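> Before I ask anything, here is the structure I am working with.
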Amino acid sequence: MSKLSYERPFIQKLNTGSMNKFGTKTEFAPVTHLDGIRVSKLIEDYGSPCFVISERQIRKNVQNANRAFKTRYPKIQFAWSYKTNYLSAVCNVFHQEGSWAEVVSIYEYKKALLNGVEGNKIIFNGPDKTEEDLALAVENNSLIHIDHFDELYSLVGLLDGTGKKARVAIRVNMDTGIYPMWDRFGFNYENGQAWNAIIKILSHKELELVGLHSHIGTFMLSTSAYATAAYKLCDLATNVKLKTGKPIQYLDLGGGFASTNTLKGSYLQGADIVPTIDDYAEVITSAILNSNFAQDELPTIILESGRALIDDAAWLIGSVVATKRLSDDRRATIMDFGVNLLFNAFWYDYKISPAQEFTHHTEDMVIYGPLCMNIDCIRESINLPLLNKGDQVVVHKVGAYNMTQWMQFIQMRPKIVMIDMEGKSHILRENESLDTMMELERMPEHLKNI
Amino acid sequence: MQINKNIAISDSGFVFNPSTGDSFSTNQVGLEIIRLLKENKSKEELIKELVLKFSTDESTLEKDLGDFFMMLNSYQILVNND
Ligand SMILES: Cc1ncc(COP(=O)(O)O)c(C=O)c1O
């Protein structure tokens, strides 16, 4: 007689009358394949845990974003926000799709050059640019987005007497009705600081004011904030035209569009509440079309969208290290990945699916990572099948910021692979090893022997 | 420690404890364990029977039964007989 398949014994109290009024979407449908490749095969080939990126989904996202804006407005340019995910292969997918580079440090700037981006298609943002950085950007004819007066004066000093010119914009911060207001970057609109900076720039003939920039926040659930931002940038731009007779070439609305992840503490799933790219496009393009630009002087709209274009194009696959019972009878599952790899688990309730079939029985559990640290919790409460040591899982929509903000803490960082348009997998970044870590360390002679 | 004899079980995996009014759902292996406990089987006998019936081994069962008994205790399905 063949034996029955085994599932660990499980019993759960049935609670009537305490259901969540919104109902819960089940998260336990297994996800066995990613872009056509079995999860177990990926783990066999590349180890566990491992980040897996979908080239197909990135291209789909950029193309969709371009369609949403270009069907509504004649001059659109996307610039890939490097810090969101600056793996060179990922950047190059964006560049192949026509995106420029948006960088906030000299490291990112040089990476963009290394990736083959032409200097005049690099937008250099951020508060920390040294004179050396600025000189390189001027040399390459890049777009320098000035963050503060100290930077403005450094640039003026740098160009003085050289006969060179810099193409610049200012970053403008403003009240868009969003709290907290991001006023630490750029020049404030309401108190006249932004206009003051513009006047200063116009008074220096070595500075060519080509654009105006704002980035009003991230994961913006309100589209109307973008209308406010666009109107305020348009107001500055039309005043520049009045004063100089020359139109501003572009308005850069920054990033901030929400991805379809679920924010912690939200009853509703992200996908059900976040605006679509079309919603954002409609608001931004309408605001600019309704402003006082002559038809042949409409500025180009630049967008530096990050998370909305990459979050849903990557997964983290991993394995169960152990299951245990907490003092209050709750089930705890320990995974081989934690907040070291999923920094954004502090803000998102990441969706997690099992990568193999289970029975219909499920239980509530806490999901912990492998770090010896109390904060290493990926989900405080999630309903999943009866997981056992060695079972594999898929964490969804992890493409934004995790592969740049990950920490080498206690554990070393794993491989990152990409599945291409033909369903073939490629390593984009090797896992760290003891050698990688020791490469940067130096040992003073007197400490060599213990 | 033994099972509360009043516990009612259905084939589909529902368990009812009339002394507390609580009902529970369990899976196939859980149901089998509760059935064997009602037949006064010891933990060792239980493991023997389960290994024959399900594709698993003794050390897995040893670990899983520890956890399962803890939950049965907490739900007052297992009771101390003193
Ligand atoms: C200047 C700038 N542009 C673009 C982005 C990308 O933002 P998001 O990922 O919210 O689209 C950021 C991120 O904070 C930023 O600081």
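Scheme for the structure tokens: letters A, B, ... for chains in order shown; per-chain residue numbers from 1; ligand numbers from 1 in order shown.
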All residues within 6 Å of ligand 1 are required, counting only C-alpha atoms and all ligand atoms; please report them as a JSON list (two decimals) with N, CA, C and O atoms, in the first residue's frame.


```json
[["chain", "number", "residue", "atom", "x", "y", "z"],
["A", 81, "SER", "N", 16.43, 56.98, -12.45],
["A", 81, "SER", "CA", 16.93, 57.39, -11.15],
["A", 81, "SER", "C", 17.85, 56.30, -10.61],
["A", 81, "SER", "O", 17.40, 55.28, -10.10],
["A", 84, "THR", "N", 17.68, 54.13, -7.27],
["A", 84, "THR", "CA", 16.60, 53.15, -7.09],
["A", 84, "THR", "C", 17.12, 51.73, -7.34],
["A", 84, "THR", "O", 16.76, 50.79, -6.65],
["A", 125, "ASN", "N", 21.81, 65.58, -9.86],
["A", 125, "ASN", "CA", 21.06, 66.11, -8.72],
["A", 125, "ASN", "C", 21.86, 65.94, -7.45],
["A", 125, "ASN", "O", 22.93, 65.34, -7.45],
["A", 215, "HIS", "N", 11.21, 67.55, -6.91],
["A", 215, "HIS", "CA", 10.92, 66.15, -6.58],
["A", 215, "HIS", "C", 10.21, 66.25, -5.25],
["A", 215, "HIS", "O", 10.81, 66.52, -4.22],
["A", 218, "THR", "N", 8.14, 60.80, -2.17],
["A", 218, "THR", "CA", 8.14, 59.48, -2.78],
["A", 218, "THR", "C", 6.89, 58.71, -2.36],
["A", 218, "THR", "O", 6.28, 59.03, -1.34],
["A", 219, "PHE", "N", 6.48, 57.77, -3.15],
["A", 219, "PHE", "CA", 5.25, 56.98, -2.94],
["A", 219, "PHE", "C", 4.07, 57.93, -2.72],
["A", 219, "PHE", "O", 3.37, 57.88, -1.71],
["A", 254, "GLY", "N", 10.60, 65.25, -11.39],
["A", 254, "GLY", "CA", 11.17, 64.30, -10.44],
["A", 254, "GLY", "C", 10.51, 62.94, -10.52],
["A", 254, "GLY", "O", 9.95, 62.55, -11.55],
["A", 255, "GLY", "N", 10.58, 62.24, -9.39],
["A", 255, "GLY", "CA", 9.96, 60.90, -9.31],
["A", 255, "GLY", "C", 8.82, 60.94, -8.31],
["A", 255, "GLY", "O", 8.14, 61.96, -8.20],
["A", 256, "GLY", "N", 8.64, 59.82, -7.62],
["A", 256, "GLY", "CA", 7.64, 59.80, -6.55],
["A", 256, "GLY", "C", 6.37, 59.02, -6.85],
["A", 256, "GLY", "O", 5.54, 58.85, -5.95],
["A", 257, "PHE", "N", 6.20, 58.54, -8.08],
["A", 257, "PHE", "CA", 4.99, 57.77, -8.36],
["A", 257, "PHE", "C", 5.01, 56.49, -7.54],
["A", 257, "PHE", "O", 6.06, 55.85, -7.40],
["A", 304, "GLU", "N", 11.70, 61.52, -13.47],
["A", 304, "GLU", "CA", 12.77, 60.71, -12.87],
["A", 304, "GLU", "C", 12.18, 59.58, -12.05],
["A", 304, "GLU", "O", 12.65, 59.25, -10.97],
["A", 305, "SER", "N", 11.14, 58.99, -12.59],
["A", 305, "SER", "CA", 10.42, 57.96, -11.87],
["A", 305, "SER", "C", 11.33, 56.79, -11.53],
["A", 305, "SER", "O", 12.05, 56.29, -12.39],
["A", 306, "GLY", "N", 11.31, 56.34, -10.29],
["A", 306, "GLY", "CA", 12.16, 55.23, -9.85],
["A", 306, "GLY", "C", 11.34, 54.01, -9.52],
["A", 306, "GLY", "O", 11.11, 53.12, -10.34],
["A", 307, "ARG", "N", 10.80, 54.00, -8.29],
["A", 307, "ARG", "CA", 10.18, 52.76, -7.80],
["A", 307, "ARG", "C", 9.02, 52.25, -8.66],
["A", 307, "ARG", "O", 8.84, 51.04, -8.78]]
```

> Excluding same-chain residues fewer than 6 positions from B:Val15, what lies within 9 Å of it counting only C-alpha atoms, as a ChimeraX atom specification?

/A:11 /B:7-9,22-26,31

> Using only C-alpha atoms, I'd like every residue of chain A that has an atom within 8 Å of chain B; please write them out as number ranges by chain.

A: 3-14, 325, 329, 361

> Kindly export the residues of the current selection with N, CA, C and O atoms, as a JSON list (two decimals), in the first residue's frame.


```json
[["chain", "number", "residue", "atom", "x", "y", "z"],
["A", 3, "LYS", "N", 2.00, 5.01, 0.76],
["A", 3, "LYS", "CA", 1.71, 5.84, 1.92],
["A", 3, "LYS", "C", 1.07, 7.17, 1.51],
["A", 3, "LYS", "O", 1.28, 7.65, 0.40],
["A", 4, "LEU", "N", 0.34, 7.76, 2.43],
["A", 4, "LEU", "CA", -0.27, 9.07, 2.16],
["A", 4, "LEU", "C", 0.80, 10.15, 2.32],
["A", 4, "LEU", "O", 1.73, 10.00, 3.10],
["A", 5, "SER", "N", 0.64, 11.24, 1.55],
["A", 5, "SER", "CA", 1.65, 12.29, 1.68],
["A", 5, "SER", "C", 1.50, 12.97, 3.04],
["A", 5, "SER", "O", 0.40, 13.09, 3.59],
["A", 6, "TYR", "N", 2.61, 13.40, 3.57],
["A", 6, "TYR", "CA", 2.64, 13.93, 4.95],
["A", 6, "TYR", "C", 2.67, 15.45, 4.96],
["A", 6, "TYR", "O", 3.39, 16.07, 4.21],
["A", 7, "GLU", "N", 1.88, 16.00, 5.84],
["A", 7, "GLU", "CA", 1.93, 17.43, 6.10],
["A", 7, "GLU", "C", 1.96, 17.56, 7.62],
["A", 7, "GLU", "O", 1.25, 16.82, 8.30],
["A", 8, "ARG", "N", 2.78, 18.45, 8.16],
["A", 8, "ARG", "CA", 2.86, 18.47, 9.62],
["A", 8, "ARG", "C", 1.49, 18.76, 10.24],
["A", 8, "ARG", "O", 0.71, 19.54, 9.69],
["A", 9, "PRO", "N", 1.19, 18.11, 11.38],
["A", 9, "PRO", "CA", -0.14, 18.27, 11.98],
["A", 9, "PRO", "C", -0.38, 19.72, 12.35],
["A", 9, "PRO", "O", 0.54, 20.42, 12.79],
["A", 10, "PHE", "N", -1.63, 20.13, 12.20],
["A", 10, "PHE", "CA", -1.95, 21.53, 12.36],
["A", 10, "PHE", "C", -3.35, 21.64, 12.91],
["A", 10, "PHE", "O", -4.23, 20.85, 12.54],
["A", 11, "ILE", "N", -3.55, 22.52, 13.84],
["A", 11, "ILE", "CA", -4.92, 22.76, 14.34],
["A", 11, "ILE", "C", -5.07, 24.25, 14.62],
["A", 11, "ILE", "O", -4.14, 24.89, 15.09],
["A", 12, "GLN", "N", -6.23, 24.76, 14.28],
["A", 12, "GLN", "CA", -6.44, 26.20, 14.42],
["A", 12, "GLN", "C", -7.85, 26.46, 14.90],
["A", 12, "GLN", "O", -8.79, 25.84, 14.42],
["A", 13, "LYS", "N", -7.96, 27.36, 15.84],
["A", 13, "LYS", "CA", -9.28, 27.70, 16.37],
["A", 13, "LYS", "C", -10.05, 28.49, 15.33],
["A", 13, "LYS", "O", -9.51, 29.35, 14.65],
["A", 14, "LEU", "N", -11.33, 28.18, 15.19],
["A", 14, "LEU", "CA", -12.15, 28.92, 14.24],
["A", 14, "LEU", "C", -12.79, 30.08, 14.97],
["A", 14, "LEU", "O", -13.51, 29.89, 15.94],
["A", 325, "ARG", "N", 7.56, 28.11, 17.61],
["A", 325, "ARG", "CA", 6.35, 28.59, 18.25],
["A", 325, "ARG", "C", 6.75, 29.68, 19.25],
["A", 325, "ARG", "O", 7.68, 29.48, 20.03],
["A", 329, "ASP", "N", 1.98, 31.34, 21.52],
["A", 329, "ASP", "CA", 1.45, 30.31, 20.61],
["A", 329, "ASP", "C", 1.50, 30.68, 19.14],
["A", 329, "ASP", "O", 1.11, 29.88, 18.29],
["A", 361, "HIS", "N", -4.60, 24.07, 3.89],
["A", 361, "HIS", "CA", -4.46, 24.55, 5.27],
["A", 361, "HIS", "C", -3.43, 25.66, 5.37],
["A", 361, "HIS", "O", -2.37, 25.58, 4.78]]
```

> Tell me which protein, DNA and RNA residues are within 8 Å of stretch 267-280 of chain A, counting only C-alpha atoms, leaving out same-chain ones fewer than 4 positions away, and put them as a count of residues only.

16

> Enter the distance from atom CA of A:Glu190 to atom CA of A:Asp235, in Å, rounded to one decimal.

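So the two atoms, atom CA of A:Glu190 and atom CA of A:Asp235, lie 11.7 Å apart.
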
> So which residues of chain B fall under helix (DSSP H, G or I) by DSSP, listed as a ChimeraX atom specification?

/B:28-38,43-53,58-74

> Just the selected residues (N, CA, C and O atoms), exported as a short mmCIF file (atom, residue, chain, number, x, y, z; two decimals), in the first residue's frame, please.


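Result file follows (out25.cif):
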```
data_model
loop_
_atom_site.label_atom_id
_atom_site.label_comp_id
_atom_site.auth_asym_id
_atom_site.auth_seq_id
_atom_site.Cartn_x
_atom_site.Cartn_y
_atom_site.Cartn_z
N GLN B 28 -5.30 16.44 7.78
CA GLN B 28 -5.46 15.00 7.80
C GLN B 28 -4.60 14.34 8.89
O GLN B 28 -5.07 13.47 9.62
N VAL B 29 -3.36 14.79 9.00
CA VAL B 29 -2.47 14.19 9.99
C VAL B 29 -2.95 14.54 11.40
O VAL B 29 -2.98 13.69 12.30
N GLY B 30 -3.40 15.78 11.58
CA GLY B 30 -3.91 16.21 12.88
C GLY B 30 -5.12 15.38 13.28
O GLY B 30 -5.25 14.95 14.44
N LEU B 31 -6.00 15.17 12.34
CA LEU B 31 -7.21 14.39 12.58
C LEU B 31 -6.86 12.96 13.01
O LEU B 31 -7.43 12.42 13.96
N GLU B 32 -5.90 12.39 12.32
CA GLU B 32 -5.47 11.02 12.62
C GLU B 32 -4.90 10.96 14.05
O GLU B 32 -5.19 10.02 14.80
N ILE B 33 -4.13 11.96 14.41
CA ILE B 33 -3.52 11.98 15.76
C ILE B 33 -4.61 12.07 16.83
O ILE B 33 -4.59 11.32 17.81
N ILE B 34 -5.59 12.94 16.60
CA ILE B 34 -6.66 13.09 17.60
C ILE B 34 -7.45 11.78 17.73
O ILE B 34 -7.79 11.34 18.83
N ARG B 35 -7.66 11.13 16.58
CA ARG B 35 -8.37 9.84 16.59
C ARG B 35 -7.59 8.81 17.42
O ARG B 35 -8.16 8.12 18.27
N LEU B 36 -6.29 8.74 17.17
CA LEU B 36 -5.46 7.76 17.88
C LEU B 36 -5.40 8.09 19.38
O LEU B 36 -5.40 7.20 20.23
N LEU B 37 -5.37 9.39 19.69
CA LEU B 37 -5.35 9.78 21.10
C LEU B 37 -6.64 9.34 21.78
O LEU B 37 -6.64 8.92 22.94
N LYS B 38 -7.76 9.43 21.05
CA LYS B 38 -9.05 9.00 21.62
C LYS B 38 -9.07 7.49 21.87
O LYS B 38 -9.84 6.99 22.68
N LYS B 43 2.31 8.11 22.96
CA LYS B 43 3.03 8.86 21.93
C LYS B 43 3.85 7.91 21.05
O LYS B 43 3.91 8.06 19.83
N GLU B 44 4.47 6.91 21.67
CA GLU B 44 5.30 5.96 20.90
C GLU B 44 4.44 5.16 19.92
O GLU B 44 4.81 4.97 18.76
N GLU B 45 3.30 4.71 20.39
CA GLU B 45 2.39 3.94 19.50
C GLU B 45 1.92 4.81 18.34
O GLU B 45 1.84 4.38 17.20
N LEU B 46 1.63 6.06 18.72
CA LEU B 46 1.17 7.02 17.72
C LEU B 46 2.19 7.15 16.57
O LEU B 46 1.85 7.09 15.40
N ILE B 47 3.44 7.35 16.96
CA ILE B 47 4.49 7.55 15.98
C ILE B 47 4.60 6.32 15.07
O ILE B 47 4.67 6.44 13.84
N LYS B 48 4.54 5.13 15.68
CA LYS B 48 4.62 3.89 14.89
C LYS B 48 3.52 3.83 13.84
O LYS B 48 3.75 3.54 12.68
N GLU B 49 2.29 4.13 14.28
CA GLU B 49 1.16 4.03 13.34
C GLU B 49 1.26 5.07 12.23
O GLU B 49 0.95 4.80 11.08
N LEU B 50 1.69 6.27 12.61
CA LEU B 50 1.76 7.35 11.61
C LEU B 50 2.83 7.07 10.57
O LEU B 50 2.65 7.37 9.39
N VAL B 51 3.95 6.52 11.00
CA VAL B 51 5.03 6.20 10.05
C VAL B 51 4.57 5.16 9.03
O VAL B 51 4.94 5.20 7.86
N LEU B 52 3.71 4.25 9.50
CA LEU B 52 3.18 3.25 8.57
C LEU B 52 2.24 3.89 7.54
O LEU B 52 2.22 3.51 6.38
N LYS B 53 1.47 4.83 8.01
CA LYS B 53 0.42 5.39 7.16
C LYS B 53 0.90 6.54 6.25
O LYS B 53 0.44 6.68 5.12
N GLU B 58 10.49 9.09 11.78
CA GLU B 58 10.24 9.26 13.22
C GLU B 58 10.75 10.59 13.77
O GLU B 58 10.11 11.19 14.62
N SER B 59 11.90 11.03 13.27
CA SER B 59 12.44 12.26 13.87
C SER B 59 11.60 13.47 13.47
O SER B 59 11.40 14.38 14.27
N THR B 60 11.09 13.47 12.25
CA THR B 60 10.19 14.56 11.84
C THR B 60 8.94 14.56 12.73
O THR B 60 8.50 15.60 13.23
N LEU B 61 8.39 13.36 12.94
CA LEU B 61 7.17 13.26 13.75
C LEU B 61 7.42 13.69 15.18
O LEU B 61 6.61 14.38 15.79
N GLU B 62 8.56 13.27 15.69
CA GLU B 62 8.92 13.63 17.07
C GLU B 62 8.85 15.15 17.25
O GLU B 62 8.26 15.66 18.17
N LYS B 63 9.46 15.86 16.28
CA LYS B 63 9.51 17.32 16.33
C LYS B 63 8.10 17.91 16.16
O LYS B 63 7.68 18.77 16.93
N ASP B 64 7.38 17.43 15.14
CA ASP B 64 6.07 18.01 14.84
C ASP B 64 5.04 17.71 15.93
O ASP B 64 4.16 18.53 16.22
N LEU B 65 5.15 16.52 16.55
CA LEU B 65 4.20 16.17 17.61
C LEU B 65 4.40 17.08 18.83
O LEU B 65 3.44 17.47 19.48
N GLY B 66 5.63 17.41 19.11
CA GLY B 66 5.93 18.30 20.23
C GLY B 66 5.15 19.60 20.07
O GLY B 66 4.47 20.07 20.98
N ASP B 67 5.22 20.16 18.87
CA ASP B 67 4.54 21.42 18.58
C ASP B 67 3.02 21.24 18.61
O ASP B 67 2.29 22.05 19.17
N PHE B 68 2.55 20.13 18.02
CA PHE B 68 1.10 19.89 17.93
C PHE B 68 0.50 19.70 19.34
O PHE B 68 -0.54 20.28 19.66
N PHE B 69 1.19 18.93 20.18
CA PHE B 69 0.68 18.71 21.54
C PHE B 69 0.61 20.02 22.32
O PHE B 69 -0.28 20.24 23.12
N MET B 70 1.58 20.90 22.06
CA MET B 70 1.57 22.18 22.73
C MET B 70 0.29 22.95 22.39
O MET B 70 -0.34 23.56 23.25
N MET B 71 -0.09 22.89 21.10
CA MET B 71 -1.30 23.59 20.68
C MET B 71 -2.55 22.91 21.26
O MET B 71 -3.50 23.58 21.66
N LEU B 72 -2.55 21.56 21.30
CA LEU B 72 -3.70 20.84 21.87
C LEU B 72 -3.88 21.20 23.34
O LEU B 72 -4.99 21.36 23.82
N ASN B 73 -2.76 21.35 24.03
CA ASN B 73 -2.80 21.77 25.42
C ASN B 73 -3.38 23.15 25.56
O ASN B 73 -4.25 23.40 26.39
N SER B 74 -2.87 24.03 24.73
CA SER B 74 -3.28 25.42 24.82
C SER B 74 -4.78 25.57 24.50
O SER B 74 -5.46 26.42 25.06
#
```

> Identify all residues of stretch 235-360 of chain A in strand (DSSP E or B) (DSSP on the backbone) and supply them as an MDAnalysis selection string.

chainID A and resid 250:252 257 263 300:303 314:325 331:335 348 352:354

> For A:Tyr107, which residue among A:Lys121, A:Lys129, A:Lys70, A:Lys232 is the nearest when counting only C-alpha atoms?

A:Lys129

> Residues at most 8 Å from stretch 179-181 of chain A, counting only C-alpha atoms, excluding those fewer than 5 positions away in the same chain, as a tab-separated table (two decimals) with N, CA, C and O atoms, in the first residue's frame?


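Contents of the output file selection32.tsv:
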```tsv
chain	number	residue	atom	x	y	z
A	174	MET	N	8.56	73.12	-2.43
A	174	MET	CA	7.34	73.92	-2.36
A	174	MET	C	6.28	73.21	-1.54
A	174	MET	O	6.38	72.01	-1.28
A	216	ILE	N	8.87	66.07	-5.27
A	216	ILE	CA	8.07	66.50	-4.12
A	216	ILE	C	7.93	65.45	-3.04
A	216	ILE	O	7.43	65.72	-1.95
A	217	GLY	N	8.40	64.25	-3.27
A	217	GLY	CA	8.30	63.20	-2.26
A	217	GLY	C	8.29	61.86	-2.96
A	217	GLY	O	8.41	61.78	-4.18
```

> Quick one: residues within 8 Å of A:Gly369, only C-alpha atoms, excluding same-chain residues fewer than 2 positions away - as a list in words?

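Result of the neighbour search: Ile334, Met335, Asp336, Phe337, Gly338, Val339, Ile367, Leu371, Asp376, Cys377 and Ile378 of chain A.
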
> Quick one: write out the picked residues with N, CA and C atoms as a CSV table (one decimal), in the first residue's frame?


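File again_24.csv, as written:
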```csv
chain,number,residue,atom,x,y,z
A,334,ILE,N,11.4,31.4,10.2
A,334,ILE,CA,12.7,32.1,10.0
A,334,ILE,C,13.1,31.8,8.6
A,335,MET,N,13.4,32.9,7.9
A,335,MET,CA,13.9,32.8,6.5
A,335,MET,C,15.4,33.0,6.4
A,336,ASP,N,15.9,32.7,5.2
A,336,ASP,CA,17.4,33.0,5.1
A,336,ASP,C,17.6,34.4,4.5
A,337,PHE,N,16.6,35.2,4.5
A,337,PHE,CA,16.7,36.6,4.1
A,337,PHE,C,16.0,37.5,5.1
A,338,GLY,N,16.5,38.7,5.4
A,338,GLY,CA,15.9,39.5,6.4
A,338,GLY,C,16.0,41.0,5.9
A,339,VAL,N,15.9,41.9,6.9
A,339,VAL,CA,16.0,43.3,6.6
A,339,VAL,C,17.3,43.7,6.0
A,367,ILE,N,7.1,36.5,10.1
A,367,ILE,CA,8.2,36.1,9.3
A,367,ILE,C,9.5,36.9,9.8
A,371,LEU,N,19.0,37.4,10.9
A,371,LEU,CA,19.9,38.2,11.7
A,371,LEU,C,19.6,38.0,13.2
A,376,ASP,N,14.8,42.4,12.9
A,376,ASP,CA,14.8,41.7,11.7
A,376,ASP,C,13.5,40.9,11.4
A,377,CYS,N,12.5,41.7,11.1
A,377,CYS,CA,11.1,41.1,10.9
A,377,CYS,C,10.7,41.5,9.5
A,378,ILE,N,10.3,40.6,8.7
A,378,ILE,CA,9.8,40.9,7.4
A,378,ILE,C,8.3,41.1,7.3
```

> I'd like to know which of A:Trp195, A:Trp100, A:Tyr73, A:Trp347 is closest to A:Lys264, using only C-alpha atoms.

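Result for the nearest residue to A:Lys264: A:Trp347.
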